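Raw input_15.txt, compact mmCIF, C-alpha atoms:
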# COMPACT_ATOMS: atom_id res chain seq x y z
CA MET A 1 0.00 0.00 0.00
CA LYS A 2 1.31 3.47 -0.90
CA PHE A 3 1.76 6.18 1.69
CA VAL A 4 -0.54 9.18 1.32
CA ALA A 5 0.78 12.70 0.72
CA LEU A 6 -0.40 15.83 2.46
CA CYS A 7 -3.47 17.33 0.82
CA PRO A 8 -2.70 20.90 -0.29
CA PRO A 9 -5.37 23.57 0.13
CA GLU A 10 -7.69 23.97 -2.83
CA TRP A 11 -6.34 27.43 -3.62
CA LEU A 12 -3.10 25.68 -4.59
CA SER A 13 -4.65 22.57 -6.18
CA ARG A 14 -6.95 24.65 -8.40
CA SER A 15 -4.40 27.21 -9.56
CA ALA A 16 -1.31 27.70 -11.65
CA VAL A 17 1.75 29.19 -9.99
CA TYR A 18 3.06 32.21 -11.88
CA GLN A 19 6.81 32.56 -11.31
CA ILE A 20 8.41 36.00 -11.38
CA ASN A 21 12.08 36.87 -11.32
CA PRO A 22 11.67 40.63 -10.78
CA ARG A 23 14.98 41.55 -12.42
CA THR A 24 13.93 39.99 -15.76
CA PHE A 25 10.14 40.37 -15.42
CA SER A 26 10.28 43.89 -16.85
CA SER A 27 12.74 46.59 -17.77
CA GLU A 28 12.06 48.29 -14.42
CA GLY A 29 13.12 45.19 -12.48
CA THR A 30 11.31 46.15 -9.27
CA ILE A 31 8.65 44.88 -6.91
CA ALA A 32 6.53 47.93 -7.75
CA ALA A 33 6.62 46.97 -11.44
CA VAL A 34 5.26 43.53 -10.51
CA THR A 35 2.48 45.13 -8.45
CA ALA A 36 1.45 47.23 -11.45
CA GLU A 37 0.97 44.06 -13.53
CA LEU A 38 -1.18 42.18 -11.00
CA PRO A 39 -4.54 43.28 -12.47
CA ALA A 40 -3.52 42.02 -15.93
CA LEU A 41 -2.36 38.71 -14.47
CA ARG A 42 -5.59 38.39 -12.51
CA GLU A 43 -7.59 39.09 -15.67
CA MET A 44 -5.87 36.11 -17.27
CA GLY A 45 -6.94 34.00 -14.31
CA PHE A 46 -3.66 33.70 -12.42
CA ARG A 47 -4.29 33.44 -8.69
CA ILE A 48 -0.77 32.74 -7.33
CA VAL A 49 2.40 34.74 -7.88
CA TYR A 50 5.75 33.41 -6.69
CA LEU A 51 8.69 35.81 -6.46
CA CYS A 52 12.27 34.66 -6.86
CA PRO A 53 14.43 35.89 -3.94
CA ILE A 54 14.15 39.61 -3.29
CA PHE A 55 16.18 39.69 -0.08
CA GLU A 56 19.44 41.56 0.39
CA GLU A 57 22.16 39.95 -1.73
CA ASP A 58 25.89 39.72 -1.09
CA ASP A 59 27.49 42.34 -3.33
CA SER A 60 31.12 41.30 -2.93
CA ALA A 61 33.22 41.47 -6.11
CA GLU A 62 35.44 38.65 -4.80
CA ARG A 63 34.77 36.00 -7.45
CA THR A 64 35.89 33.02 -5.41
CA GLY A 65 32.58 33.44 -3.59
CA TRP A 66 30.54 33.48 -6.81
CA SER A 67 28.86 30.38 -8.20
CA ASP A 68 30.29 28.84 -11.36
CA ARG A 69 27.16 29.84 -13.29
CA GLN A 70 27.38 33.40 -12.02
CA ARG A 71 30.95 33.74 -13.27
CA ALA A 72 30.11 32.05 -16.59
CA SER A 73 27.21 34.44 -17.26
CA GLY A 74 29.65 37.19 -18.22
CA THR A 75 27.45 39.85 -16.61
CA ASP A 76 30.07 40.85 -14.01
CA ASN A 77 27.14 41.19 -11.62
CA PRO A 78 28.29 40.46 -8.05
CA LYS A 79 24.69 40.06 -6.90
CA ASN A 80 23.15 36.60 -7.13
CA PRO A 81 19.52 36.32 -5.92
CA TYR A 82 20.37 32.96 -4.33
CA ARG A 83 23.37 34.27 -2.35
CA MET A 84 21.78 36.04 0.60
CA ASN A 85 23.37 38.68 2.78
CA ASN A 86 20.36 39.30 5.02
CA TYR A 87 17.10 37.35 5.00
CA PHE A 88 15.28 40.14 6.85
CA LYS A 89 15.99 42.96 4.38
CA ILE A 90 14.69 43.64 0.88
CA ASP A 91 17.47 44.30 -1.62
CA SER A 92 17.47 47.88 -2.90
CA GLU A 93 17.61 46.51 -6.46
CA TYR A 94 13.98 45.48 -6.04
CA GLY A 95 12.65 48.19 -3.73
CA THR A 96 11.67 48.29 -0.08
CA GLU A 97 9.76 46.29 2.47
CA ASP A 98 6.89 48.73 2.01
CA ASP A 99 6.89 47.82 -1.69
CA LEU A 100 6.57 44.14 -0.78
CA ARG A 101 3.79 44.91 1.67
CA ALA A 102 1.99 46.92 -1.02
CA LEU A 103 2.32 44.03 -3.48
CA THR A 104 0.87 41.56 -1.01
CA GLU A 105 -2.02 43.86 -0.12
CA ALA A 106 -2.77 44.48 -3.80
CA ALA A 107 -2.66 40.76 -4.56
CA HIS A 108 -5.01 39.90 -1.70
CA ALA A 109 -7.43 42.62 -2.82
CA LEU A 110 -7.53 40.78 -6.17
CA ASP A 111 -8.04 37.40 -4.45
CA MET A 112 -4.49 36.35 -5.35
CA LYS A 113 -1.84 34.61 -3.23
CA VAL A 114 1.84 35.52 -2.85
CA LEU A 115 4.71 33.06 -2.34
CA LEU A 116 8.28 34.03 -1.48
CA ASP A 117 11.47 32.08 -2.16
CA LEU A 118 13.43 30.75 0.83
CA VAL A 119 17.13 29.90 0.39
CA TYR A 120 18.13 28.13 3.60
CA LEU A 121 20.68 25.59 2.38
CA HIS A 122 23.40 28.23 2.19
CA ILE A 123 24.04 31.93 2.81
CA GLY A 124 26.31 34.65 1.44
CA PRO A 125 29.93 34.54 2.63
CA ASN A 126 29.77 38.06 4.09
CA ALA A 127 26.39 37.79 5.81
CA PRO A 128 26.49 39.82 9.05
CA ILE A 129 24.73 37.01 10.92
CA LEU A 130 27.79 34.79 10.36
CA GLY A 131 30.01 37.44 11.90
CA ARG A 132 27.87 37.34 15.03
CA HIS A 133 27.15 33.61 14.91
CA PRO A 134 29.84 31.69 13.00
CA GLU A 135 28.36 28.49 14.48
CA PHE A 136 25.38 28.96 12.13
CA ALA A 137 27.60 27.67 9.27
CA LYS A 138 29.15 24.23 8.90
CA GLN A 139 32.84 24.20 9.82
CA ALA A 140 35.84 21.97 9.35
CA PRO A 141 37.73 20.86 12.52
CA ASP A 142 40.09 23.81 12.12
CA GLY A 143 37.18 26.27 12.09
CA THR A 144 37.17 26.89 8.33
CA ILE A 145 33.66 27.47 7.01
CA LEU A 146 32.47 24.74 4.64
CA ASN A 147 30.76 25.66 1.38
CA THR A 148 28.08 24.04 -0.73
CA MET A 149 28.79 23.15 -4.34
CA TRP A 150 27.86 26.72 -5.28
CA HIS A 151 30.75 28.11 -3.16
CA PHE A 152 28.46 29.63 -0.52
CA PRO A 153 28.68 28.82 3.23
CA ALA A 154 26.54 25.81 4.12
CA LEU A 155 24.15 26.43 7.00
CA ASP A 156 24.40 24.02 9.95
CA PHE A 157 21.02 22.73 11.07
CA THR A 158 22.49 21.09 14.15
CA SER A 159 22.57 24.65 15.54
CA GLU A 160 19.40 25.36 17.51
CA GLY A 161 20.19 29.05 17.25
CA LEU A 162 20.21 28.91 13.46
CA ARG A 163 16.87 27.13 13.47
CA GLU A 164 15.26 29.76 15.69
CA TYR A 165 16.70 32.51 13.51
CA LEU A 166 15.18 30.98 10.37
CA PHE A 167 11.85 30.19 12.04
CA CYS A 168 11.66 33.87 13.01
CA ASN A 169 12.41 34.82 9.42
CA MET A 170 9.54 32.72 8.05
CA ILE A 171 7.08 33.83 10.69
CA TYR A 172 7.97 37.47 10.10
CA TYR A 173 6.97 37.30 6.43
CA ILE A 174 3.85 35.25 7.19
CA GLY A 175 2.73 37.37 10.14
CA GLU A 176 3.91 40.88 9.28
CA ILE A 177 3.92 40.93 5.45
CA ASP A 178 1.02 38.44 5.21
CA VAL A 179 2.49 36.24 2.46
CA ASP A 180 0.79 32.92 1.80
CA GLY A 181 3.71 30.50 1.83
CA PHE A 182 7.09 29.72 0.43
CA ARG A 183 8.92 27.95 -2.35
CA CYS A 184 11.93 26.36 -0.64
CA ASP A 185 15.13 26.31 -2.67
CA VAL A 186 16.75 22.83 -2.58
CA GLY A 187 14.27 22.11 0.20
CA ASP A 188 15.24 18.48 0.68
CA GLY A 189 18.82 19.58 1.40
CA VAL A 190 17.45 20.85 4.71
CA PRO A 191 16.42 18.28 7.39
CA ILE A 192 12.74 17.39 7.34
CA ASP A 193 12.35 18.02 11.07
CA PHE A 194 13.17 21.69 10.47
CA TRP A 195 10.35 21.97 7.93
CA LEU A 196 7.90 20.13 10.20
CA GLU A 197 8.46 22.64 12.99
CA ALA A 198 8.38 25.53 10.49
CA ARG A 199 5.06 24.27 9.17
CA ARG A 200 3.63 23.94 12.68
CA ARG A 201 4.57 27.53 13.54
CA MET A 202 3.45 28.88 10.18
CA HIS A 203 0.02 27.27 10.48
CA ARG A 204 -0.54 28.77 13.90
CA ILE A 205 -0.75 32.13 12.13
CA LYS A 206 -2.05 31.16 8.69
CA PRO A 207 -3.53 27.63 8.61
CA ASP A 208 -3.68 27.40 4.81
CA ALA A 209 -0.15 28.67 4.12
CA VAL A 210 1.91 26.31 1.94
CA LEU A 211 5.43 25.02 1.45
CA ILE A 212 6.67 23.90 -1.99
CA ASN A 213 9.89 21.89 -2.19
CA GLU A 214 12.31 22.49 -5.02
CA GLY A 215 13.47 18.91 -4.68
CA CYS A 216 12.53 15.31 -5.36
CA ASN A 217 12.77 13.58 -1.99
CA TRP A 218 9.18 12.41 -2.22
CA SER A 219 9.06 11.43 1.46
CA TYR A 220 8.98 15.15 2.26
CA LEU A 221 5.47 15.18 0.78
CA LEU A 222 4.20 12.96 3.58
CA GLN A 223 4.50 15.60 6.29
CA GLY A 224 6.38 18.79 5.48
CA PHE A 225 5.44 19.96 1.97
CA ASP A 226 2.28 20.61 -0.01
CA SER A 227 4.06 20.04 -3.34
CA SER A 228 7.45 19.22 -4.85
CA TYR A 229 8.97 20.01 -8.21
CA CYS A 230 8.90 17.44 -10.98
CA SER A 231 11.87 18.83 -12.90
CA ALA A 232 12.11 15.67 -15.00
CA TRP A 233 8.95 16.84 -16.81
CA HIS A 234 10.59 19.83 -18.48
CA ASP A 235 13.86 17.91 -18.93
CA VAL A 236 12.14 15.17 -20.93
CA LEU A 237 10.03 17.60 -22.94
CA TYR A 238 13.08 19.68 -23.83
CA GLY A 239 14.81 16.44 -24.79
CA ILE A 240 11.95 15.45 -27.08
CA PHE A 241 12.08 18.79 -28.89
CA THR A 242 15.87 18.56 -29.27
CA GLY A 243 15.78 14.92 -30.40
CA LYS A 244 17.55 13.66 -27.27
CA ALA A 245 14.52 11.98 -25.68
CA THR A 246 11.57 9.95 -26.90
CA MET A 247 7.91 9.46 -26.10
CA LYS A 248 8.92 6.35 -24.19
CA ASP A 249 11.00 8.54 -21.88
CA LEU A 250 7.88 10.58 -21.17
CA THR A 251 5.65 7.60 -20.42
CA ASP A 252 8.42 5.95 -18.39
CA LEU A 253 8.61 9.10 -16.28
CA PHE A 254 5.00 8.70 -15.25
CA GLY A 255 5.59 5.03 -14.56
CA ARG A 256 8.35 5.95 -12.10
CA LEU A 257 6.26 8.65 -10.48
CA ASP A 258 3.35 6.27 -10.06
CA VAL A 259 5.56 3.86 -8.12
CA LYS A 260 7.62 6.32 -6.05
CA VAL A 261 5.45 9.35 -5.31
CA PRO A 262 2.99 9.14 -2.38
CA ALA A 263 -0.66 8.72 -3.28
CA GLY A 264 -2.55 11.96 -3.77
CA ALA A 265 0.57 14.09 -4.18
CA LYS A 266 0.32 17.22 -6.31
CA LEU A 267 3.67 17.71 -8.01
CA LEU A 268 4.59 21.01 -9.65
CA PHE A 269 5.11 20.81 -13.43
CA ASP A 270 6.77 23.61 -15.38
CA ILE A 271 8.21 24.28 -18.82
CA ASP A 272 10.44 27.25 -18.04
CA ASN A 273 11.80 28.56 -14.77
CA HIS A 274 14.59 30.93 -13.72
CA ASP A 275 17.14 28.10 -14.03
CA THR A 276 16.10 26.77 -17.43
CA VAL A 277 15.90 30.20 -19.10
CA THR A 278 19.43 30.82 -17.79
CA ASP A 279 20.98 27.46 -18.62
CA TRP A 280 19.32 26.02 -21.73
CA PRO A 281 20.88 26.87 -25.13
CA GLU A 282 17.51 28.11 -26.38
CA ARG A 283 14.35 29.14 -24.59
CA PHE A 284 11.56 26.60 -25.01
CA GLU A 285 9.51 29.21 -26.86
CA VAL A 286 12.24 29.53 -29.51
CA LEU A 287 12.94 25.80 -29.69
CA ALA A 288 9.32 24.67 -29.97
CA GLY A 289 7.80 27.61 -31.80
CA HIS A 290 4.37 29.02 -30.99
CA ASP A 291 2.43 25.82 -31.71
CA GLY A 292 4.88 23.61 -29.84
CA MET A 293 4.86 25.88 -26.81
CA GLU A 294 1.07 25.99 -26.82
CA LEU A 295 0.99 22.19 -26.94
CA VAL A 296 3.23 21.77 -23.90
CA GLU A 297 1.41 24.51 -21.97
CA VAL A 298 -1.85 22.59 -22.42
CA MET A 299 -0.19 19.32 -21.40
CA THR A 300 1.30 20.95 -18.31
CA TYR A 301 -2.10 22.20 -17.18
CA LEU A 302 -3.92 18.92 -17.80
CA VAL A 303 -1.61 16.34 -16.21
CA ASP A 304 -2.30 15.58 -12.56
CA GLY A 305 -0.42 18.24 -10.67
CA ILE A 306 0.11 21.98 -10.30
CA PRO A 307 1.26 23.89 -13.40
CA MET A 308 3.85 26.63 -13.08
CA VAL A 309 4.10 29.35 -15.72
CA TYR A 310 7.29 31.39 -15.99
CA ALA A 311 6.74 35.13 -16.44
CA GLY A 312 6.65 35.84 -20.16
CA ASN A 313 5.34 32.43 -21.23
CA GLU A 314 1.88 33.99 -21.42
CA LEU A 315 3.28 36.63 -23.83
CA ALA A 316 5.03 34.17 -26.15
CA ASP A 317 8.22 35.82 -24.90
CA THR A 318 11.46 34.95 -26.71
CA ALA A 319 13.75 37.38 -24.87
CA ARG A 320 17.12 35.98 -23.88
CA VAL A 321 17.11 36.31 -20.11
CA SER A 322 19.45 35.27 -17.31
CA MET A 323 18.94 35.15 -13.56
CA PHE A 324 22.35 36.82 -13.19
CA ALA A 325 21.54 39.86 -15.34
CA ASN A 326 19.78 42.99 -14.11
CA ARG A 327 19.34 46.57 -15.25
CA PHE A 328 22.70 47.52 -13.73
CA HIS A 329 24.61 44.58 -15.22
CA PRO A 330 22.66 43.51 -18.33
CA GLY A 331 25.55 41.84 -20.13
CA LYS A 332 24.27 40.34 -23.38
CA TYR A 333 20.82 39.66 -21.94
CA GLU A 334 17.35 41.17 -22.27
CA THR A 335 14.25 41.59 -20.14
CA THR A 336 10.68 40.64 -20.97
CA ASP A 337 8.75 43.31 -22.84
CA ARG A 338 5.53 43.62 -20.84
CA HIS A 339 4.14 45.97 -23.50
CA ALA A 340 4.30 43.45 -26.36
CA THR A 341 0.64 42.54 -25.89
CA ALA A 342 -0.35 43.71 -29.36
CA ASP A 343 1.76 41.01 -31.01
CA PRO A 344 -0.68 38.44 -32.49
CA ALA A 345 1.09 35.45 -30.90
CA ALA A 346 1.19 37.19 -27.52
CA ARG A 347 -2.45 38.21 -27.76
CA GLU A 348 -3.62 34.71 -28.73
CA ARG A 349 -1.59 33.13 -25.93
CA ARG A 350 -2.70 35.63 -23.31
CA VAL A 351 -6.33 36.25 -24.20
CA THR A 352 -7.37 32.85 -25.48
CA LEU A 353 -5.18 30.03 -24.25
CA MET A 354 -3.94 31.06 -20.81
CA THR A 355 -7.27 32.55 -19.78
CA GLU A 356 -9.09 29.35 -20.72
CA LEU A 357 -6.52 27.06 -19.10
CA ASN A 358 -6.67 29.04 -15.87
CA ARG A 359 -10.46 28.92 -15.93
CA LEU A 360 -10.43 25.15 -16.42
CA LYS A 361 -7.90 24.66 -13.65
CA ARG A 362 -9.98 26.75 -11.27
CA GLU A 363 -13.42 25.33 -12.09
CA SER A 364 -12.85 21.68 -13.05
CA ASP A 365 -13.30 19.02 -10.38
CA VAL A 366 -11.81 16.54 -12.84
CA LEU A 367 -8.55 18.48 -13.05
CA CYS A 368 -8.48 18.92 -9.29
CA TYR A 369 -9.35 15.38 -8.21
CA GLY A 370 -9.31 13.16 -11.30
CA ARG A 371 -6.89 10.27 -11.79
CA MET A 372 -4.74 9.81 -14.89
CA GLU A 373 -5.67 7.11 -17.43
CA TRP A 374 -3.54 6.36 -20.49
CA LEU A 375 -5.25 6.01 -23.84
CA GLY A 376 -4.23 3.29 -26.27
CA HIS A 377 -3.60 4.38 -29.87
CA THR A 378 -1.59 3.52 -32.97
CA GLU A 379 1.19 6.16 -32.82
CA ALA A 380 2.86 5.59 -29.45
CA GLU A 381 6.17 7.06 -30.62
CA LYS A 382 4.63 10.39 -31.65
CA VAL A 383 1.38 11.00 -29.79
CA PHE A 384 0.79 11.61 -26.08
CA ALA A 385 -2.77 10.73 -25.05
CA PHE A 386 -4.39 10.49 -21.63
CA ALA A 387 -7.60 11.25 -19.77
CA ARG A 388 -8.32 12.70 -16.36
CA VAL A 389 -11.24 10.78 -14.86
CA GLN A 390 -13.39 11.52 -11.82
CA GLU A 391 -16.83 10.11 -10.95
CA GLY A 392 -17.78 9.37 -14.54
CA LYS A 393 -16.52 12.68 -15.89
CA ARG A 394 -13.53 12.94 -18.22
CA ILE A 395 -11.16 15.40 -19.80
CA THR A 396 -9.18 13.82 -22.64
CA PHE A 397 -5.98 15.09 -24.22
CA ILE A 398 -4.46 13.91 -27.51
CA GLY A 399 -1.33 15.69 -28.74
CA ASN A 400 1.33 15.31 -31.41
CA LEU A 401 4.82 15.96 -30.04
CA THR A 402 6.46 15.93 -33.45
CA GLY A 403 6.88 18.60 -36.10
CA GLU A 404 5.17 16.47 -38.75
CA ALA A 405 1.50 15.67 -39.32
CA VAL A 406 0.31 12.32 -37.98
CA GLU A 407 -2.91 10.32 -38.02
CA THR A 408 -3.68 7.97 -35.17
CA THR A 409 -6.58 5.74 -34.18
CA LEU A 410 -7.55 5.52 -30.53
CA ASP A 411 -8.74 2.32 -28.92
CA GLU A 412 -12.01 4.09 -28.19
CA GLN A 413 -13.71 7.21 -29.51
CA PRO A 414 -13.25 10.21 -27.20
CA GLY A 415 -16.56 11.46 -25.90
CA GLY A 416 -17.85 14.90 -25.07
CA THR A 417 -17.17 18.28 -26.57
CA ILE A 418 -13.91 19.61 -27.99
CA ILE A 419 -13.01 22.52 -25.72
CA LEU A 420 -9.45 23.24 -26.89
CA SER A 421 -7.73 22.43 -30.15
CA ASN A 422 -5.02 23.54 -32.51
CA ASN A 423 -4.03 22.19 -35.91
CA ALA A 424 -6.12 19.02 -35.49
CA GLU A 425 -9.25 17.24 -36.74
CA ASN A 426 -11.48 14.68 -35.07
CA HIS A 427 -12.97 11.87 -37.22
CA PRO A 428 -15.35 8.97 -36.54
CA ALA A 429 -14.22 5.61 -35.16
CA GLY A 430 -11.55 7.08 -32.89
CA ARG A 431 -9.45 8.48 -35.71
CA VAL A 432 -7.77 11.86 -35.30
CA THR A 433 -5.52 13.86 -37.58
CA LEU A 434 -2.91 15.99 -35.83
CA GLY A 435 -0.79 18.52 -37.68
CA ALA A 436 2.64 19.50 -36.43
CA HIS A 437 2.29 19.94 -32.65
CA GLY A 438 -1.48 19.71 -33.00
CA TYR A 439 -3.74 18.69 -30.14
CA LEU A 440 -7.36 18.08 -29.14
CA VAL A 441 -8.95 18.36 -25.69
CA PHE A 442 -12.38 16.79 -25.08
CA SER A 443 -14.56 17.38 -22.03
CA GLU A 444 -17.32 15.17 -20.62
CA GLU A 445 -18.05 17.24 -17.53

Target format structure tokens, applied to this file:
Amino acid sequence: MKFVALCPPEWLSRSAVYQINPRTFSSEGTIAAVTAELPALREMGFRIVYLCPIFEEDDSAERTGWSDRQRASGTDNPKNPYRMNNYFKIDSEYGTEDDLRALTEAAHALDMKVLLDLVYLHIGPNAPILGRHPEFAKQAPDGTILNTMWHFPALDFTSEGLREYLFCNMIYYIGEIDVDGFRCDVGDGVPIDFWLEARRRMHRIKPDAVLINEGCNWSYLLQGFDSSYCSAWHDVLYGIFTGKATMKDLTDLFGRLDVKVPAGAKLLFDIDNHDTVTDWPERFEVLAGHDGMELVEVMTYLVDGIPMVYAGNELADTARVSMFANRFHPGKYETTDRHATADPAARERRVTLMTELNRLKRESDVLCYGRMEWLGHTEAEKVFAFARVQEGKRITFIGNLTGEAVETTLDEQPGGTIILSNNAENHPAGRVTLGAHGYLVFSEE
């Protein structure tokens, strides 16, 4: 018998998470610029915004304390959002604490939730707290501070003082700023008992606040976390579009998840995030083209889990962005053009597709509670087909992951009404024709 995961609150289960790295979200690069966009995001149906770290960053120019990726970016930017100097201060690059409070108040007025990014595995090498409490970092026998693989001091969770310090940090943002939870960077690198106590304290103030683990230790879903990343999803999809993975890799992924992930878990599925847009040779939007990106967006919303949309995906954004670039150190990189809404591809994505997907996610009991069922068909190497099923209701997806037209025959005729489609035709007797990256979505709700 499988163990059962924590049940996340419905506001998380019925929503997409919209990820924002403020420094690349817009040319302004500030919290206030994000706040200004909240009404437009809400109009598209987004109910959750998650901000990459906005806390005070170490600004040392000493490169031995930079991550390898930071140095390789060529931006010469000493500030890395994941190398903290002070967890309790907002970095001036992004604005002020009052700006964050204003964002949270504006989001709540729009019935939206706000998640912040916690980075507790490591800290910046010049963090004042380490000067006062060197015991908060792991140390060699000779007293030398030990670093993580990113060259930042590793925090030592055997220190009760460190734990109290970080609990206070979380509770401050929950209680004073009124945020709704946290995405926890490399969360399963931190002991589970820390997160259990953090969750207990957090829920005393806000019972429906959530924790999302950027990790794949699925046992953390049993007690500490409401969701965990499924990074293999975007890895396999990117591999399929670059010819380095196959449809079998995609179906095998779900086979592994079915065996290893606790029952009822809601994993987080994304296409882009701040890491992928920084590290991949091409953005998914460029690699897949408009139709291919639309296809994988639909898939990501319909599989059993929580979709995450990276800022700009809803605008068909092709800007070359990097988490290490900002308006002060742009290097060769760009920011998302929030004003490109008149572009036909951006308008179609924003007005038609994302709005409808967010509506479905919010309103559909099948997408919230339904189990996954695989559909048999004649083109297993090209077509991805499944249904979400709950109490006799179904939502069926059939999609072509290749750049060539394909015709396939399903073992049984999909029922219901076609509610989403692109470059595809439905025929009698279970036969469908799918153009390049074409798809059909049927609903029997």

_What does the structure give for the distance between CA of Leu166 in chain A and CA of Phe182 in chain A, in Å to one decimal?_
12.9 Å

*Can you list, as a ChimeraX atom specification, every protein, DNA or RNA residue that comes within 8 Å of range 226-234 of chain A when you count only C-alpha atoms, leaving out same-chain residues fewer than 3 positions away?*
/A:6-8,210-216,218,221,237-238,250,253,265-272

*Between A:Met308, A:Leu146, A:Val261, A:Leu295, single out the one closest to Ile48 in chain A, counting all atoms listed in the file.*
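The shortest atom-to-atom distance to Ile48 in chain A comes from A:Met308.
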
*Near Arg47 in chain A, counting all atoms listed in the file, which residues have an atom at most 10 Å away, once you skip same-chain residues fewer than 3 positions from it, shown as a ChimeraX atom specification?*
/A:11-12,14-18,38,41-44,107-108,110-114,358,362

Given the selection you just returned, output its residues as a file containing C-alpha atoms, formatted as a tab-separated table (two decimals), keeping the file's coordinate frame.
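Output below, filename part12.tsv:
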chain	number	residue	atom	x	y	z
A	11	TRP	CA	-6.34	27.43	-3.62
A	12	LEU	CA	-3.10	25.68	-4.59
A	14	ARG	CA	-6.95	24.65	-8.40
A	15	SER	CA	-4.40	27.21	-9.56
A	16	ALA	CA	-1.31	27.70	-11.65
A	17	VAL	CA	1.75	29.19	-9.99
A	18	TYR	CA	3.06	32.21	-11.88
A	38	LEU	CA	-1.18	42.18	-11.00
A	41	LEU	CA	-2.36	38.71	-14.47
A	42	ARG	CA	-5.59	38.39	-12.51
A	43	GLU	CA	-7.59	39.09	-15.67
A	44	MET	CA	-5.87	36.11	-17.27
A	107	ALA	CA	-2.66	40.76	-4.56
A	108	HIS	CA	-5.01	39.90	-1.70
A	110	LEU	CA	-7.53	40.78	-6.17
A	111	ASP	CA	-8.04	37.40	-4.45
A	112	MET	CA	-4.49	36.35	-5.35
A	113	LYS	CA	-1.84	34.61	-3.23
A	114	VAL	CA	1.84	35.52	-2.85
A	358	ASN	CA	-6.67	29.04	-15.87
A	362	ARG	CA	-9.98	26.75	-11.27

*Name the residues, using the chain letters and numbers of the file, that sit within 10 Å of (32.4, 27.3, -4.4) when counting only C-alpha atoms, and give them as number ranges by chain.*
A: 63-68, 146-153

*Which residue gives the smallest distance to Arg359 in chain A among A:Glu28, A:Ile129, A:Gly45, A:Ala288, with all atoms listed in the file counted?*
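Looking at the shortest contact to Arg359 in chain A, the residue is A:Gly45.
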
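Closest approach to Ile31 in chain A among A:Gly95, A:Asp142, A:Phe46, A:Tyr87 is made by A:Gly95 (distances from only C-alpha atoms).
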
*Nearest candidate to Lys79 in chain A (options A:Ile192, A:Leu440, A:Ala385, A:Ala61; using only C-alpha atoms)*: A:Ala61

*Closest to Gly435 in chain A among A:Thr300, A:Asn169, A:Thr417, A:Asn400, using only C-alpha atoms?*
A:Asn400

*asked:* Using all atoms listed in the file, can you tell me which of A:His339, A:Ile90, A:Glu164, A:Phe284 comes closest to Gly239 in chain A?
replied: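 Using all atoms listed in the file, Gly239 in chain A sits closest to A:Phe284.
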
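Using only C-alpha atoms, the protein and nucleic acid residues lying no more than 7 Å from Gln19 in chain A, apart from those fewer than 5 places from it along its own chain, are Val49, Tyr50, Leu51, Met308, Val309, Tyr310 and Ala311 of chain A.
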
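Interatomic distance, CA of Asp188 in chain A against CA of Asn217 in chain A: 6.1 Å.
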
*Do a neighbour search on Tyr173 in chain A at 12 Å with only C-alpha atoms, toss out local chain neighbours closer than 4 positions, and write the hits as a PyMOL selection string.*
chain A and resi 55+87-90+97+100-101+104+114-118+166-169+177-182+202+205-206+209

Please dump the current selection as a PDB file, in the frame of the given file; keep C-alpha atoms.
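Dumped to result-v7.pdb:
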ATOM      1  CA  PHE A  55      16.180  39.690  -0.080  1.00  0.00           C
ATOM      2  CA  TYR A  87      17.100  37.350   5.000  1.00  0.00           C
ATOM      3  CA  PHE A  88      15.280  40.140   6.850  1.00  0.00           C
ATOM      4  CA  LYS A  89      15.990  42.960   4.380  1.00  0.00           C
ATOM      5  CA  ILE A  90      14.690  43.640   0.880  1.00  0.00           C
ATOM      6  CA  GLU A  97       9.760  46.290   2.470  1.00  0.00           C
ATOM      7  CA  LEU A 100       6.570  44.140  -0.780  1.00  0.00           C
ATOM      8  CA  ARG A 101       3.790  44.910   1.670  1.00  0.00           C
ATOM      9  CA  THR A 104       0.870  41.560  -1.010  1.00  0.00           C
ATOM     10  CA  VAL A 114       1.840  35.520  -2.850  1.00  0.00           C
ATOM     11  CA  LEU A 115       4.710  33.060  -2.340  1.00  0.00           C
ATOM     12  CA  LEU A 116       8.280  34.030  -1.480  1.00  0.00           C
ATOM     13  CA  ASP A 117      11.470  32.080  -2.160  1.00  0.00           C
ATOM     14  CA  LEU A 118      13.430  30.750   0.830  1.00  0.00           C
ATOM     15  CA  LEU A 166      15.180  30.980  10.370  1.00  0.00           C
ATOM     16  CA  PHE A 167      11.850  30.190  12.040  1.00  0.00           C
ATOM     17  CA  CYS A 168      11.660  33.870  13.010  1.00  0.00           C
ATOM     18  CA  ASN A 169      12.410  34.820   9.420  1.00  0.00           C
ATOM     19  CA  ILE A 177       3.920  40.930   5.450  1.00  0.00           C
ATOM     20  CA  ASP A 178       1.020  38.440   5.210  1.00  0.00           C
ATOM     21  CA  VAL A 179       2.490  36.240   2.460  1.00  0.00           C
ATOM     22  CA  ASP A 180       0.790  32.920   1.800  1.00  0.00           C
ATOM     23  CA  GLY A 181       3.710  30.500   1.830  1.00  0.00           C
ATOM     24  CA  PHE A 182       7.090  29.720   0.430  1.00  0.00           C
ATOM     25  CA  MET A 202       3.450  28.880  10.180  1.00  0.00           C
ATOM     26  CA  ILE A 205      -0.750  32.130  12.130  1.00  0.00           C
ATOM     27  CA  LYS A 206      -2.050  31.160   8.690  1.00  0.00           C
ATOM     28  CA  ALA A 209      -0.150  28.670   4.120  1.00  0.00           C
TER      29      ALA A 209
END

*So what do you get for CA of Tyr165 in chain A versus CA of Pro207 in chain A, distance-wise?*
21.4 Å

*asked:* Would you pick out the contacts of Leu434 in chain A at 7 Å or less, using all atoms listed in the file, so that residues sharing its chain but fewer than 3 positions from it are not included, and give the list as a PyMOL selection string?
replied: chain A and resi 400+405-407+423-425+438-439
